[in-house]
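What follows is the content of run.pdb (PDB, C-alpha atoms).
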```
MODEL        1
ATOM      1  CA  MET A   1       3.207 -12.827  10.423
ATOM      2  CA  ILE A   2       3.594  -9.034  10.176
ATOM      3  CA  PRO A   3       0.109  -7.480   9.895
ATOM      4  CA  THR A   4      -0.770  -4.737   7.407
ATOM      5  CA  LEU A   5      -2.585  -1.690   8.804
ATOM      6  CA  LYS A   6      -4.674   0.769   6.774
ATOM      7  CA  THR A   7      -5.513   4.360   7.652
ATOM      8  CA  GLU A   8      -7.345   7.055   5.724
ATOM      9  CA  ARG A   9      -4.304   7.979   3.615
ATOM     10  CA  LEU A  10      -1.636   5.404   4.498
ATOM     11  CA  THR A  11      -0.745   1.721   4.533
ATOM     12  CA  LEU A  12       1.634   0.322   7.157
ATOM     13  CA  ARG A  13       3.234  -2.881   5.846
ATOM     14  CA  ALA A  14       6.139  -5.241   6.568
ATOM     15  CA  PRO A  15       9.682  -4.150   5.623
ATOM     16  CA  GLU A  16      10.964  -5.872   2.463
ATOM     17  CA  PRO A  17      14.246  -5.982   0.499
ATOM     18  CA  ALA A  18      13.255  -3.160  -1.896
ATOM     19  CA  ASP A  19      12.928  -0.777   1.082
ATOM     20  CA  PHE A  20      16.719  -0.543   1.150
ATOM     21  CA  ALA A  21      16.458   2.453  -1.212
ATOM     22  CA  LEU A  22      14.260   4.288   1.326
ATOM     23  CA  TYR A  23      16.661   3.561   4.199
ATOM     24  CA  ARG A  24      19.703   4.477   2.104
ATOM     25  CA  ASP A  25      18.224   7.819   1.020
ATOM     26  CA  PHE A  26      16.885   8.699   4.471
ATOM     27  CA  TYR A  27      20.159   7.974   6.280
ATOM     28  CA  ALA A  28      22.316   9.677   3.619
ATOM     29  CA  ASP A  29      20.759  13.018   4.638
ATOM     30  CA  ALA A  30      22.565  14.216   7.772
ATOM     31  CA  THR A  31      19.950  16.852   8.588
ATOM     32  CA  GLY A  32      16.908  14.662   8.111
ATOM     33  CA  SER A  33      18.342  11.665   9.980
ATOM     34  CA  GLY A  34      20.138  13.579  12.730
ATOM     35  CA  ASN A  35      17.621  12.534  15.391
ATOM     36  CA  TYR A  36      17.883   8.903  14.239
ATOM     37  CA  VAL A  37      21.634   8.212  14.712
ATOM     38  CA  GLY A  38      22.249   9.390  11.124
ATOM     39  CA  PRO A  39      23.915   9.998   8.811
ATOM     40  CA  LEU A  40      24.825   6.392   7.976
ATOM     41  CA  ARG A  41      26.726   4.766   5.125
ATOM     42  CA  PRO A  42      24.634   2.575   2.753
ATOM     43  CA  ASP A  43      25.892  -0.649   4.367
ATOM     44  CA  GLN A  44      24.925   0.689   7.800
ATOM     45  CA  ALA A  45      21.502   1.707   6.466
ATOM     46  CA  PHE A  46      21.056  -1.858   5.208
ATOM     47  CA  GLN A  47      21.811  -3.108   8.718
ATOM     48  CA  ARG A  48      19.102  -0.803  10.105
ATOM     49  CA  LEU A  49      16.613  -2.355   7.689
ATOM     50  CA  ALA A  50      17.749  -5.862   8.665
ATOM     51  CA  ALA A  51      17.533  -4.999  12.390
ATOM     52  CA  ASP A  52      14.028  -3.548  11.971
ATOM     53  CA  LEU A  53      12.864  -6.720  10.234
ATOM     54  CA  GLY A  54      14.692  -8.949  12.741
ATOM     55  CA  HIS A  55      12.944  -7.098  15.577
ATOM     56  CA  TRP A  56       9.576  -8.370  14.294
ATOM     57  CA  HIS A  57      10.817 -11.976  14.239
ATOM     58  CA  LEU A  58      12.304 -11.758  17.732
ATOM     59  CA  ARG A  59       9.631  -9.676  19.478
ATOM     60  CA  GLY A  60       6.399 -10.154  17.560
ATOM     61  CA  PHE A  61       6.054  -6.402  17.058
ATOM     62  CA  GLY A  62       8.189  -3.714  15.427
ATOM     63  CA  LYS A  63       8.319  -0.926  12.877
ATOM     64  CA  TRP A  64       6.213  -0.925   9.721
ATOM     65  CA  ILE A  65       7.045   0.792   6.438
ATOM     66  CA  ILE A  66       4.639   3.687   5.784
ATOM     67  CA  THR A  67       3.368   3.957   2.214
ATOM     68  CA  THR A  68       1.032   6.467   0.613
ATOM     69  CA  GLY A  69      -1.969   5.628  -1.587
ATOM     70  CA  ASP A  70       0.145   4.941  -4.679
ATOM     71  CA  GLY A  71       2.465   2.604  -2.773
ATOM     72  CA  THR A  72       5.343   5.064  -2.365
ATOM     73  CA  ALA A  73       7.374   4.313   0.776
ATOM     74  CA  ILE A  74       7.856   7.509   2.800
ATOM     75  CA  GLY A  75       9.162   6.360   6.204
ATOM     76  CA  GLY A  76       8.533   4.045   9.116
ATOM     77  CA  CYS A  77       6.480   3.833  12.287
ATOM     78  CA  GLY A  78       5.933   1.274  15.017
ATOM     79  CA  ILE A  79       6.817   0.094  18.477
ATOM     80  CA  VAL A  80      10.261  -1.212  19.404
ATOM     81  CA  HIS A  81      11.773  -2.683  22.536
ATOM     82  CA  PRO A  82      15.384  -3.833  22.071
ATOM     83  CA  VAL A  83      16.721  -6.238  24.692
ATOM     84  CA  GLY A  84      18.931  -4.253  27.053
ATOM     85  CA  TRP A  85      16.632  -1.222  26.895
ATOM     86  CA  PRO A  86      14.309  -0.653  29.884
ATOM     87  CA  SER A  87      11.034   0.029  28.067
ATOM     88  CA  HIS A  88       9.270  -0.037  24.734
ATOM     89  CA  GLU A  89       8.895   3.040  22.548
ATOM     90  CA  LEU A  90       6.544   4.242  19.830
ATOM     91  CA  THR A  91       8.818   5.574  17.114
ATOM     92  CA  TRP A  92       8.444   7.097  13.659
ATOM     93  CA  TRP A  93      10.587   8.554  10.882
ATOM     94  CA  LEU A  94       9.731  10.253   7.611
ATOM     95  CA  LEU A  95      11.638  11.472   4.583
ATOM     96  CA  PRO A  96      12.112  15.237   5.110
ATOM     97  CA  GLU A  97       9.875  16.175   2.155
ATOM     98  CA  MET A  98       7.015  14.115   3.643
ATOM     99  CA  ARG A  99       6.919  15.901   6.998
ATOM    100  CA  GLY A 100       4.356  18.495   8.050
ATOM    101  CA  GLN A 101       1.374  16.709   6.480
ATOM    102  CA  GLY A 102       0.173  14.746   9.516
ATOM    103  CA  PHE A 103       1.500  11.414   8.230
ATOM    104  CA  ALA A 104       3.454  10.619  11.427
ATOM    105  CA  THR A 105       0.376  11.332  13.570
ATOM    106  CA  GLU A 106      -1.872   9.209  11.350
ATOM    107  CA  ALA A 107       0.579   6.272  11.306
ATOM    108  CA  SER A 108       1.201   6.563  15.056
ATOM    109  CA  ARG A 109      -2.518   6.326  15.839
ATOM    110  CA  ALA A 110      -2.729   3.096  13.842
ATOM    111  CA  ALA A 111       0.304   1.658  15.662
ATOM    112  CA  ILE A 112      -1.140   2.572  19.085
ATOM    113  CA  LEU A 113      -4.492   1.013  18.183
ATOM    114  CA  HIS A 114      -2.705  -2.182  17.129
ATOM    115  CA  ALA A 115      -0.895  -2.301  20.483
ATOM    116  CA  CYS A 116      -4.076  -1.671  22.494
ATOM    117  CA  ASP A 117      -6.541  -3.820  20.543
ATOM    118  CA  THR A 118      -4.428  -6.649  19.040
ATOM    119  CA  LEU A 119      -1.473  -6.965  21.403
ATOM    120  CA  ARG A 120      -3.717  -6.062  24.380
ATOM    121  CA  TRP A 121      -1.123  -3.785  25.921
ATOM    122  CA  PRO A 122      -2.415  -1.649  28.801
ATOM    123  CA  GLN A 123      -0.568   1.408  27.489
ATOM    124  CA  VAL A 124       1.943   2.636  24.898
ATOM    125  CA  GLU A 125       4.929   4.800  25.798
ATOM    126  CA  THR A 126       7.387   6.945  23.914
ATOM    127  CA  HIS A 127      10.453   8.960  24.911
ATOM    128  CA  MET A 128      12.767  11.429  23.226
ATOM    129  CA  ARG A 129      15.784  13.639  23.797
ATOM    130  CA  ASP A 130      15.000  17.043  25.272
ATOM    131  CA  ASN A 131      16.089  18.828  22.086
ATOM    132  CA  ASN A 132      13.835  16.769  19.777
ATOM    133  CA  ALA A 133      11.041  19.317  19.526
ATOM    134  CA  ALA A 134       9.308  17.550  16.623
ATOM    135  CA  ALA A 135       8.960  14.273  18.551
ATOM    136  CA  ARG A 136       7.766  16.093  21.655
ATOM    137  CA  ALA A 137       5.131  17.991  19.657
ATOM    138  CA  LEU A 138       3.903  14.745  18.112
ATOM    139  CA  ALA A 139       3.656  13.028  21.512
ATOM    140  CA  GLU A 140       1.561  15.950  22.738
ATOM    141  CA  ARG A 141      -0.606  15.871  19.597
ATOM    142  CA  LEU A 142      -1.299  12.201  20.348
ATOM    143  CA  GLY A 143      -2.550  13.232  23.801
ATOM    144  CA  GLY A 144       0.555  11.996  25.589
ATOM    145  CA  THR A 145       1.394  12.934  29.158
ATOM    146  CA  ILE A 146       4.796  12.812  30.847
ATOM    147  CA  VAL A 147       4.806  10.065  33.480
ATOM    148  CA  ARG A 148       8.470   9.975  34.474
ATOM    149  CA  ARG A 149      11.962  11.129  33.641
ATOM    150  CA  GLU A 150      14.477   8.339  33.199
ATOM    151  CA  THR A 151      18.176   7.877  32.430
ATOM    152  CA  PHE A 152      18.598   5.278  29.663
ATOM    153  CA  PRO A 153      21.520   2.859  29.064
ATOM    154  CA  ASP A 154      23.107   5.350  26.652
ATOM    155  CA  GLY A 155      23.454   7.825  29.536
ATOM    156  CA  VAL A 156      20.830  10.222  28.142
ATOM    157  CA  THR A 157      17.990  11.324  30.444
ATOM    158  CA  ARG A 158      14.639  11.585  28.688
ATOM    159  CA  ASP A 159      11.006  12.394  29.458
ATOM    160  CA  VAL A 160       8.764   9.324  29.087
ATOM    161  CA  PHE A 161       5.241   9.903  27.710
ATOM    162  CA  VAL A 162       2.246   7.608  28.018
ATOM    163  CA  LEU A 163       0.040   7.749  24.917
ATOM    164  CA  PRO A 164      -3.691   7.055  25.268
ATOM    165  CA  ARG A 165      -5.728   4.890  22.895
ATOM    166  CA  PRO A 166      -6.862   7.305  20.145
ATOM    167  CA  GLU A 167     -10.364   8.653  20.787
ATOM    168  CA  GLY A 168     -13.144   7.874  18.382
ATOM    169  CA  ALA A 169     -11.335   4.873  16.914
ATOM    170  CA  GLY A 170     -12.703   1.362  16.598
TER     171      GLY A 170
ATOM    172  CA  MET B   1      18.919 -24.115   5.581
ATOM    173  CA  THR B   2      18.785 -27.343   7.522
ATOM    174  CA  ALA B   3      21.268 -28.246  10.248
ATOM    175  CA  LEU B   4      24.819 -29.209   9.238
ATOM    176  CA  THR B   5      26.357 -31.810  11.501
ATOM    177  CA  THR B   6      29.903 -33.090  11.983
ATOM    178  CA  ASP B   7      31.239 -35.473  14.616
ATOM    179  CA  ARG B   8      31.593 -32.732  17.165
ATOM    180  CA  LEU B   9      29.364 -29.901  16.008
ATOM    181  CA  ILE B  10      25.832 -29.072  14.975
ATOM    182  CA  ARG B  11      25.377 -25.894  12.965
ATOM    183  CA  ARG B  12      21.803 -24.691  12.718
ATOM    184  CA  PRO B  13      19.830 -21.508  12.070
ATOM    185  CA  LEU B  14      19.484 -18.788  14.700
ATOM    186  CA  VAL B  15      16.355 -19.029  16.799
ATOM    187  CA  PRO B  16      14.963 -16.338  19.112
ATOM    188  CA  GLN B  17      15.854 -18.484  22.131
ATOM    189  CA  GLY B  18      19.509 -18.172  21.114
ATOM    190  CA  ALA B  19      19.583 -14.430  21.770
ATOM    191  CA  GLU B  20      21.197 -14.611  25.212
ATOM    192  CA  ALA B  21      23.952 -16.956  24.037
ATOM    193  CA  PHE B  22      24.653 -14.649  21.087
ATOM    194  CA  ILE B  23      24.721 -11.575  23.358
ATOM    195  CA  SER B  24      27.159 -13.281  25.704
ATOM    196  CA  LEU B  25      29.346 -14.305  22.749
ATOM    197  CA  ARG B  26      29.261 -10.840  21.258
ATOM    198  CA  MET B  27      30.281  -9.128  24.497
ATOM    199  CA  SER B  28      33.040 -11.547  25.507
ATOM    200  CA  PRO B  29      36.742 -10.906  24.989
ATOM    201  CA  PRO B  30      39.041 -10.839  23.076
ATOM    202  CA  ALA B  31      38.518  -7.206  22.237
ATOM    203  CA  ASN B  32      40.472  -7.423  19.000
ATOM    204  CA  ARG B  33      37.537  -8.939  17.151
ATOM    205  CA  ILE B  34      35.628  -6.953  14.587
ATOM    206  CA  GLY B  35      32.270  -5.885  15.926
ATOM    207  CA  ARG B  36      32.625  -6.522  19.631
ATOM    208  CA  ALA B  37      29.487  -5.080  21.251
ATOM    209  CA  ALA B  38      29.741  -2.395  23.914
ATOM    210  CA  SER B  39      26.364  -3.080  25.548
ATOM    211  CA  ARG B  40      23.571  -5.652  25.734
ATOM    212  CA  ALA B  41      21.445  -3.429  23.517
ATOM    213  CA  ASP B  42      24.192  -3.271  20.857
ATOM    214  CA  ALA B  43      24.707  -7.041  21.015
ATOM    215  CA  TRP B  44      20.977  -7.713  20.703
ATOM    216  CA  ARG B  45      20.761  -5.323  17.743
ATOM    217  CA  ALA B  46      23.550  -7.316  16.056
ATOM    218  CA  PHE B  47      21.467 -10.456  16.625
ATOM    219  CA  ALA B  48      18.373  -8.759  15.178
ATOM    220  CA  VAL B  49      20.418  -7.658  12.133
ATOM    221  CA  ARG B  50      21.332 -11.290  11.472
ATOM    222  CA  VAL B  51      17.786 -12.539  11.920
ATOM    223  CA  GLY B  52      16.538  -9.831   9.556
ATOM    224  CA  ASN B  53      19.284 -10.555   7.068
ATOM    225  CA  ARG B  54      18.016 -14.113   6.791
ATOM    226  CA  ALA B  55      14.627 -12.829   5.658
ATOM    227  CA  LEU B  56      16.067 -10.166   3.330
ATOM    228  CA  ARG B  57      18.893 -12.117   1.720
ATOM    229  CA  ALA B  58      18.129 -15.780   2.305
ATOM    230  CA  CYS B  59      21.625 -16.103   3.711
ATOM    231  CA  GLU B  60      21.691 -17.502   7.112
ATOM    232  CA  LEU B  61      23.952 -17.320  10.120
ATOM    233  CA  LEU B  62      24.232 -20.594  11.997
ATOM    234  CA  THR B  63      24.850 -21.228  15.660
ATOM    235  CA  ILE B  64      27.618 -23.690  16.450
ATOM    236  CA  GLU B  65      26.619 -26.151  19.136
ATOM    237  CA  GLY B  66      28.615 -28.948  20.709
ATOM    238  CA  CYS B  67      27.086 -32.353  19.925
ATOM    239  CA  ARG B  68      27.845 -33.737  23.364
ATOM    240  CA  THR B  69      26.648 -30.899  25.599
ATOM    241  CA  GLY B  70      24.328 -28.926  23.346
ATOM    242  CA  ALA B  71      26.096 -25.757  24.501
ATOM    243  CA  ILE B  72      26.239 -22.903  22.016
ATOM    244  CA  LEU B  73      29.926 -22.382  21.226
ATOM    245  CA  GLY B  74      29.667 -19.618  18.659
ATOM    246  CA  SER B  75      28.260 -18.680  15.289
ATOM    247  CA  THR B  76      29.350 -18.790  11.678
ATOM    248  CA  GLY B  77      27.858 -18.001   8.329
ATOM    249  CA  PRO B  78      27.668 -15.821   5.268
ATOM    250  CA  TRP B  79      27.080 -12.077   5.207
ATOM    251  CA  PHE B  80      25.898 -10.171   2.139
ATOM    252  CA  ALA B  81      26.786  -6.505   2.607
ATOM    253  CA  GLU B  82      25.560  -3.529   0.592
ATOM    254  CA  SER B  83      29.046  -2.383  -0.352
ATOM    255  CA  PRO B  84      32.058  -4.312  -1.639
ATOM    256  CA  PRO B  85      33.429  -6.752  -0.760
ATOM    257  CA  ARG B  86      29.882  -7.956  -0.463
ATOM    258  CA  GLN B  87      29.966 -11.672   0.196
ATOM    259  CA  THR B  88      31.843 -12.564   3.357
ATOM    260  CA  LEU B  89      32.179 -15.479   5.748
ATOM    261  CA  GLY B  90      32.099 -14.651   9.424
ATOM    262  CA  ALA B  91      32.828 -16.767  12.470
ATOM    263  CA  SER B  92      32.948 -16.021  16.161
ATOM    264  CA  LEU B  93      33.496 -18.384  19.048
ATOM    265  CA  ARG B  94      33.403 -18.225  22.792
ATOM    266  CA  SER B  95      36.902 -17.358  23.973
ATOM    267  CA  ASP B  96      37.208 -20.570  26.005
ATOM    268  CA  VAL B  97      36.834 -22.795  22.946
ATOM    269  CA  GLU B  98      39.123 -20.913  20.560
ATOM    270  CA  GLU B  99      42.041 -23.335  20.708
ATOM    271  CA  ARG B 100      40.287 -26.614  20.163
ATOM    272  CA  GLY B 101      40.050 -26.633  16.390
ATOM    273  CA  ILE B 102      36.325 -25.941  16.541
ATOM    274  CA  ALA B 103      36.525 -22.846  14.359
ATOM    275  CA  THR B 104      38.399 -24.674  11.647
ATOM    276  CA  GLU B 105      35.792 -27.398  11.636
ATOM    277  CA  ALA B 106      32.987 -24.844  11.587
ATOM    278  CA  GLY B 107      34.685 -22.866   8.809
ATOM    279  CA  ALA B 108      34.660 -25.957   6.645
ATOM    280  CA  ALA B 109      30.983 -25.093   6.019
ATOM    281  CA  ARG B 110      32.148 -22.587   3.427
ATOM    282  CA  GLY B 111      31.775 -25.142   0.644
ATOM    283  CA  GLN B 112      28.124 -25.616   1.418
ATOM    284  CA  ILE B 113      27.637 -21.864   1.652
ATOM    285  CA  LEU B 114      29.130 -21.233  -1.791
ATOM    286  CA  HIS B 115      27.122 -24.051  -3.285
ATOM    287  CA  ARG B 116      23.762 -23.235  -1.702
ATOM    288  CA  LEU B 117      23.871 -19.501  -2.315
ATOM    289  CA  GLY B 118      25.483 -19.758  -5.736
ATOM    290  CA  TRP B 119      28.161 -17.256  -4.760
ATOM    291  CA  GLN B 120      31.294 -16.919  -6.880
ATOM    292  CA  THR B 121      33.564 -15.400  -4.245
ATOM    293  CA  LEU B 122      33.911 -15.524  -0.487
ATOM    294  CA  VAL B 123      36.183 -13.510   1.803
ATOM    295  CA  SER B 124      36.731 -12.869   5.512
ATOM    296  CA  HIS B 125      38.112  -9.777   7.213
ATOM    297  CA  ILE B 126      40.336 -10.272  10.228
ATOM    298  CA  ALA B 127      41.778  -7.624  12.504
ATOM    299  CA  PRO B 128      45.613  -7.607  12.235
ATOM    300  CA  ALA B 129      45.891  -8.164  16.010
ATOM    301  CA  ASN B 130      43.664 -11.254  15.879
ATOM    302  CA  ALA B 131      46.447 -13.823  15.431
ATOM    303  CA  ARG B 132      44.222 -16.796  16.206
ATOM    304  CA  SER B 133      41.730 -16.035  13.490
ATOM    305  CA  THR B 134      44.491 -15.271  11.003
ATOM    306  CA  ARG B 135      46.132 -18.626  11.749
ATOM    307  CA  ARG B 136      42.827 -20.456  11.558
ATOM    308  CA  THR B 137      41.945 -18.843   8.254
ATOM    309  CA  ALA B 138      45.341 -19.819   6.850
ATOM    310  CA  CYS B 139      44.395 -23.426   7.671
ATOM    311  CA  LEU B 140      41.383 -22.999   5.411
ATOM    312  CA  VAL B 141      43.773 -22.102   2.570
ATOM    313  CA  ALA B 142      42.467 -18.573   2.304
ATOM    314  CA  GLN B 143      44.852 -16.225   0.499
ATOM    315  CA  ALA B 144      45.520 -12.693   1.660
ATOM    316  CA  GLY B 145      43.744 -10.340  -0.730
ATOM    317  CA  PRO B 146      44.982  -7.000  -2.068
ATOM    318  CA  THR B 147      45.293  -4.186   0.447
ATOM    319  CA  SER B 148      42.665  -2.228  -1.468
ATOM    320  CA  GLU B 149      40.037  -4.704  -0.263
ATOM    321  CA  ALA B 150      40.739  -4.158   3.424
ATOM    322  CA  LEU B 151      37.682  -3.270   5.506
ATOM    323  CA  ARG B 152      38.317  -0.557   8.111
ATOM    324  CA  GLY B 153      41.946  -1.616   8.489
ATOM    325  CA  CYS B 154      41.218  -5.342   8.537
ATOM    326  CA  PRO B 155      42.867  -7.270   5.683
ATOM    327  CA  THR B 156      40.821  -9.448   3.351
ATOM    328  CA  HIS B 157      41.389 -13.194   3.205
ATOM    329  CA  ARG B 158      40.039 -14.727   0.015
ATOM    330  CA  TYR B 159      38.847 -18.339  -0.019
ATOM    331  CA  PRO B 160      39.395 -20.541  -3.047
ATOM    332  CA  THR B 161      36.223 -20.760  -5.099
ATOM    333  CA  GLU B 162      36.608 -24.325  -6.338
ATOM    334  CA  VAL B 163      35.611 -25.662  -2.914
ATOM    335  CA  ARG B 164      32.485 -27.764  -3.047
ATOM    336  CA  PRO B 165      30.749 -29.751  -0.345
TER     337      PRO B 165
ENDMDL
END
```

Would it be possible to restate this file's structure as structure tokens?
Amino acid sequence: MIPTLKTERLTLRAPEPADFALYRDFYADATGSGNYVGPLRPDQAFQRLAADLGHWHLRGFGKWIITTGDGTAIGGCGIVHPVGWPSHELTWWLLPEMRGQGFATEASRAAILHACDTLRWPQVETHMRDNNAAARALAERLGGTIVRRETFPDGVTRDVFVLPRPEGAG
Amino acid sequence: MTALTTDRLIRRPLVPQGAEAFISLRMSPPANRIGRAASRADAWRAFAVRVGNRALRACELLTIEGCRTGAILGSTGPWFAESPPRQTLGASLRSDVEERGIATEAGAARGQILHRLGWQTLVSHIAPANARSTRRTACLVAQAGPTSEALRGCPTHRYPTEVRP
């Protein structure tokens, strides 16, 4: 039910029980997970994994696990839209030592293509807190443009970007 | 897991269409329950956690429905956490059905849970202020566990392990 996507360097696959180690390690690091509601205890990290998998079953889309060529799991990427939240969001996360190599951009392009070509969505959006410079830079690298500023149910006002279908793909 | 049926209740696996009933249950009073959700998004995330847990752990939360009306009255089922005490039995009911013995009847599923999952132990955690759940759990002959097993201030109630369906 959850499709597998391939890019030049990466595979995006369904979350599975063994990915708990990735979630546990990522959320144990307060600095690396600070923009992702971290740090979290191991049992809370397990609930994040369960919620990410449950999202696929309930919505038909969600976050994949990103793996490198040798199968090592390095983070996650996908599109989420929790009930009670006004819009969907392209989202990504990487272990700190895996950042700065273009993996988030490469995985994000594959996720956007899946939304445009398989789900037939007219557009993909993302949003982030004003102080999340890394997410903002990635949205701009993906060709995103700010289309509105919106206050979300958590009380935080964020810029909302629309991300175009990647050029030269498919 | 297939549906479990008693005279009054049907217990069956969560389905996506049950999300709204679960959200409403999760956000309803009393506030002394563990895990009461503060927002629709939090309540839906809790639902997604349970759906995902089914795929990860093969342990399944069940909705409790009334046989006569088909209304969803609550949910019950096992939870396999990443930290001790790992194997727990949870139950939550709509506040307007708390006093009708429904929870006790639903909790009687614990025998099937132990048997089907092959678990050796089963506990519940109940907030000290939640007198109804404490009373109900006492009816299920759960014994209060050692204080060291309390979860965030909520004492452990240990079920006897010889129970079989």

Which chain B residues have any atom within 8 Å of an atom of chain A, and for each, what is the nearest pair of atoms with distance in Å to one decimal, counting only C-alpha atoms, rows sorted by chain and number, as a Markdown table?
```
| residue | atom | partner | partner_atom | distance |
| --- | --- | --- | --- | --- |
| B:Pro16 | CA | A:Leu58 | CA | 5.5 |
| B:Ser39 | CA | A:Gly84 | CA | 7.7 |
| B:Arg40 | CA | A:Gly84 | CA | 5.0 |
| B:Ala41 | CA | A:Gly84 | CA | 4.4 |
| B:Trp44 | CA | A:Val83 | CA | 6.0 |
| B:Arg45 | CA | A:Ala51 | CA | 6.3 |
| B:Ala46 | CA | A:Ala51 | CA | 7.4 |
| B:Phe47 | CA | A:Ala51 | CA | 7.9 |
| B:Ala48 | CA | A:Gly54 | CA | 4.4 |
| B:Val49 | CA | A:Ala51 | CA | 3.9 |
| B:Arg50 | CA | A:Ala50 | CA | 7.1 |
| B:Val51 | CA | A:Gly54 | CA | 4.8 |
| B:Gly52 | CA | A:Gly54 | CA | 3.8 |
| B:Asn53 | CA | A:Ala50 | CA | 5.2 |
| B:Ala55 | CA | A:Leu53 | CA | 7.8 |
| B:Leu56 | CA | A:Pro17 | CA | 5.4 |
| B:Arg57 | CA | A:Pro17 | CA | 7.8 |
| B:Ala81 | CA | A:Asp43 | CA | 6.2 |
| B:Glu82 | CA | A:Asp43 | CA | 4.8 |
| B:Ser83 | CA | A:Asp43 | CA | 5.9 |
```

### Query
the PyMOL selection byres ((chain A and resi 106) around 12) on the file shown: which residues, as a ChimeraX atom specification?
/A:5-12,66-68,76-78,92,99-105,107-113,138,141-142,166,169

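For the atom pair formed by atom CA of Ile72 of chain B and atom CA of Ser28 of chain B, the distance is 13.7 Å, given to one decimal.
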
#### Entry: Hits of the PyMOL selection byres ((chain B and resi 68) around 10) in this structure, as a list in words
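Applying the PyMOL selection byres ((chain B and resi 68) around 10) to the structure shown produces Asp7, Arg8, Leu9, Ile10, Glu65, Gly66, Cys67, Thr69, Gly70 and Ala71 of chain B.
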
### Task
For Arg148 of chain A, list every protein, DNA or RNA residue within 9 Å, evaluated using only C-alpha atoms, and leave out those in the same chain fewer than 6 positions away; present the list as a list in words.
Arg158, Asp159, Val160 and Phe161 of chain A

### Message
Translate the PyMOL selection byres ((chain A and resi 127) around 10) into a concrete residue list for this structure, as a list in words.
### Response
Ser87, His88, Glu89, Leu90, Thr91, Glu125, Thr126, Met128, Arg129, Asp130, Asn132, Ala135, Arg136, Ala139, Ile146, Arg148, Arg149, Glu150, Thr157, Arg158, Asp159, Val160, Phe161 and Val162 of chain A
